[in-house]
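Enquirer: Here you go, data_14.tsv (TSV, C-alpha atoms):
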```
chain	number	residue	atom	x	y	z
A	1	MET	CA	-99.46	39.15	-23.74
A	2	ALA	CA	-101.11	42.30	-22.45
A	3	LEU	CA	-101.07	45.59	-24.27
A	4	GLU	CA	-102.33	48.87	-22.86
A	5	LYS	CA	-103.13	51.78	-25.15
A	6	ILE	CA	-101.39	55.05	-24.31
A	7	SER	CA	-101.11	58.36	-26.11
A	8	TYR	CA	-97.98	59.60	-27.80
A	9	ASN	CA	-97.60	62.20	-25.04
A	10	ASP	CA	-97.43	59.46	-22.39
A	11	LEU	CA	-94.25	57.98	-23.83
A	12	PRO	CA	-91.22	58.49	-21.60
A	13	LEU	CA	-88.71	60.95	-22.99
A	14	SER	CA	-85.03	60.16	-23.00
A	15	ASN	CA	-82.96	62.20	-20.57
A	16	ARG	CA	-80.73	63.00	-23.52
A	17	SER	CA	-83.51	64.48	-25.61
A	18	ASN	CA	-83.01	68.02	-26.76
A	19	PRO	CA	-85.01	70.68	-24.84
A	20	ASN	CA	-85.90	72.36	-28.15
A	21	THR	CA	-87.37	69.08	-29.42
A	22	ARG	CA	-89.60	68.79	-26.36
A	23	PHE	CA	-90.55	72.46	-26.70
A	24	ALA	CA	-91.45	72.01	-30.39
A	25	ASP	CA	-93.59	68.97	-29.55
A	26	LYS	CA	-95.50	71.00	-26.96
A	27	CYS	CA	-95.93	73.89	-29.38
A	28	VAL	CA	-97.39	71.65	-32.08
A	29	ASP	CA	-99.76	70.00	-29.59
A	30	GLU	CA	-100.93	73.38	-28.31
A	31	PHE	CA	-101.37	74.81	-31.81
A	32	LEU	CA	-103.54	71.86	-32.80
A	33	ARG	CA	-105.83	72.65	-29.85
A	34	LEU	CA	-106.02	76.39	-30.60
A	35	ASP	CA	-108.70	77.93	-32.77
A	36	CYS	CA	-106.54	80.14	-34.99
A	37	ASP	CA	-104.85	80.11	-38.38
A	38	ALA	CA	-101.27	80.93	-37.41
A	39	VAL	CA	-98.93	81.48	-34.46
A	40	LYS	CA	-95.46	82.90	-33.82
A	41	ILE	CA	-93.30	80.69	-31.61
A	42	THR	CA	-91.20	82.41	-28.95
A	43	GLY	CA	-89.46	81.29	-25.78
A	44	TRP	CA	-87.15	78.57	-27.10
A	45	PRO	CA	-85.09	76.92	-24.33
A	46	ILE	CA	-81.92	76.92	-26.49
A	47	ARG	CA	-81.64	79.78	-28.95
A	48	ARG	CA	-80.59	78.75	-32.45
A	49	ASP	CA	-80.98	80.34	-35.86
A	50	ALA	CA	-84.55	80.39	-37.13
A	51	LYS	CA	-83.84	77.88	-39.92
A	52	ASN	CA	-82.66	75.28	-37.43
A	53	LEU	CA	-85.64	75.89	-35.16
A	54	ARG	CA	-88.05	75.64	-38.12
A	55	SER	CA	-86.56	72.24	-38.91
A	56	THR	CA	-87.21	71.15	-35.32
A	57	VAL	CA	-90.87	72.19	-35.63
A	58	GLU	CA	-91.20	70.46	-39.02
A	59	THR	CA	-89.91	67.24	-37.47
A	60	ALA	CA	-92.48	67.51	-34.66
A	61	ILE	CA	-95.23	68.05	-37.26
A	62	LYS	CA	-94.08	65.01	-39.26
A	63	ARG	CA	-94.03	62.78	-36.16
A	64	ARG	CA	-97.72	63.55	-35.69
A	65	ASN	CA	-98.53	62.93	-39.37
A	66	MET	CA	-99.87	66.47	-39.65
A	67	THR	CA	-97.89	67.65	-42.68
A	68	ALA	CA	-101.11	67.97	-44.69
A	69	ARG	CA	-102.66	70.22	-42.02
A	70	VAL	CA	-99.83	72.27	-40.47
A	71	LYS	CA	-96.79	74.02	-41.95
A	72	ALA	CA	-93.74	75.61	-40.31
A	73	HIS	CA	-92.31	78.91	-41.59
A	74	ALA	CA	-89.40	81.11	-40.56
A	75	ASP	CA	-87.99	84.54	-41.21
A	76	LYS	CA	-84.60	85.72	-40.00
A	77	GLU	CA	-85.69	85.86	-36.34
A	78	PHE	CA	-88.81	83.80	-35.62
A	79	VAL	CA	-90.53	80.51	-36.39
A	80	TYR	CA	-94.23	80.36	-37.22
A	81	MET	CA	-96.85	77.66	-37.70
A	82	SER	CA	-99.91	77.92	-39.89
A	83	ARG	CA	-102.80	75.74	-40.86
A	84	VAL	CA	-102.83	74.60	-44.49
A	85	ARG	CA	-105.70	76.15	-46.42
```
Is it possible to express this structure as C-alpha cells?
Expert:
Amino acid sequence: MALEKISYNDLPLSNRSNPNTRFADKCVDEFLRLDCDAVKITGWPIRRDAKNLRSTVETAIKRRNMTARVKAHADKEFVYMSRVR
C-alpha cells in the first residue's frame, strides 16, 4: 500500500458541488492567511439571504476545525468573518 500526503485543497471537488460552498472555502482560506481581525465577504456566485450564506461560511470553518479561532456573522445584507479574541 502506498499513501501520498496531500492538502485539503488538493482534493478533487465534485462537479455537483455548490459554487457558494467553493467560494466560502476560498474565503476562509484567504482570511486565515490575512493579517486582520475581520472581513466583509462580497461577490457570492449565487446570491442568497445573508443567514443562508453565513451558514455556508460556518460549515467551511467547521470543516477546517477553526471554530475556536474564526467566527461567521451576518446582518441583513452581508456576511462577515472575525477572529475570536
Enquirer: Report the distance between CA of Arg54 (chain A) and CA of Ile6 (chain A) in Å, rounded to one decimal place.
Expert: 28.2 Å
Enquirer: Using all atoms listed in the file, find the one residue out of A:Leu32, A:Met1, A:Cys27, A:Leu53 that sits nearest to Phe78 (chain A).
Expert: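 Nearest to Phe78 (chain A): A:Leu53.
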Enquirer: Looking at A:Asp37, A:Asp25, A:Glu30, A:Glu77, which one is nearest to Thr56 (chain A), with distances taken over all atoms listed in the file?
Expert: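 Closest to Thr56 (chain A) of all the choices is A:Asp25.
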Enquirer: Please, what distance in Å, to one decimal, runs between CA of Asn18 (chain A) and CA of Trp44 (chain A)?
Expert: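 Calculated distance between CA of Asn18 (chain A) and CA of Trp44 (chain A) is 11.3 Å.
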Enquirer: May I ask which of the residues A:Val28, A:Ala50, A:Asp35, A:Lys62 is the closest one to Met81 (chain A), counting all atoms listed in the file?
Expert: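 Closest residue, counting all atoms listed in the file: A:Val28.
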Enquirer: May I ask for the distance between CA of Asp75 (chain A) and CA of Asn52 (chain A), given in Å to one decimal place?
Expert: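 Distance reported for this atom pair: 11.3 Å.
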Enquirer: List every protein, DNA or RNA residue that has at least one atom no more than 12 Å from (-91.6, 67.4, -26.7) in the file's coordinates, counting only C-alpha atoms, and write the result as number ranges by chain.
Expert: A: 8-15, 17-30, 45, 56-57, 59-61, 63-64
Enquirer: May I ask which of the residues A:Ile46, A:Thr67, A:Glu58, A:Ala38 is the closest one to Ser82 (chain A), counting all atoms listed in the file?
Expert: A:Ala38
Enquirer: Counting all atoms listed in the file, which residues have an atom no more than 6 Å from (-90.9, 80.7, -35.0) in the file's coordinates? Please list them as a ChimeraX atom specification.
Expert: /A:40-41,74,78-80
Enquirer: May I have the residues within 7 Å of Val84 (chain A) as a list in words, using only C-alpha atoms and disregarding those fewer than 4 positions away in the same chain?
Expert: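 Within the cut-off, the hits are Ala68, Arg69, Val70 and Lys71 of chain A.
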Enquirer: Return the padded bounding box of region 18-33 of chain A as JSON: axis-aligned, built from all atoms listed in the file, 8 Å added on each side, with centre and edge lengths in Å to one decimal.
Expert:
```
{"center_x": -94.4, "center_y": 71.4, "center_z": -28.8, "size_x": 38.8, "size_y": 22.8, "size_z": 24.0}
```
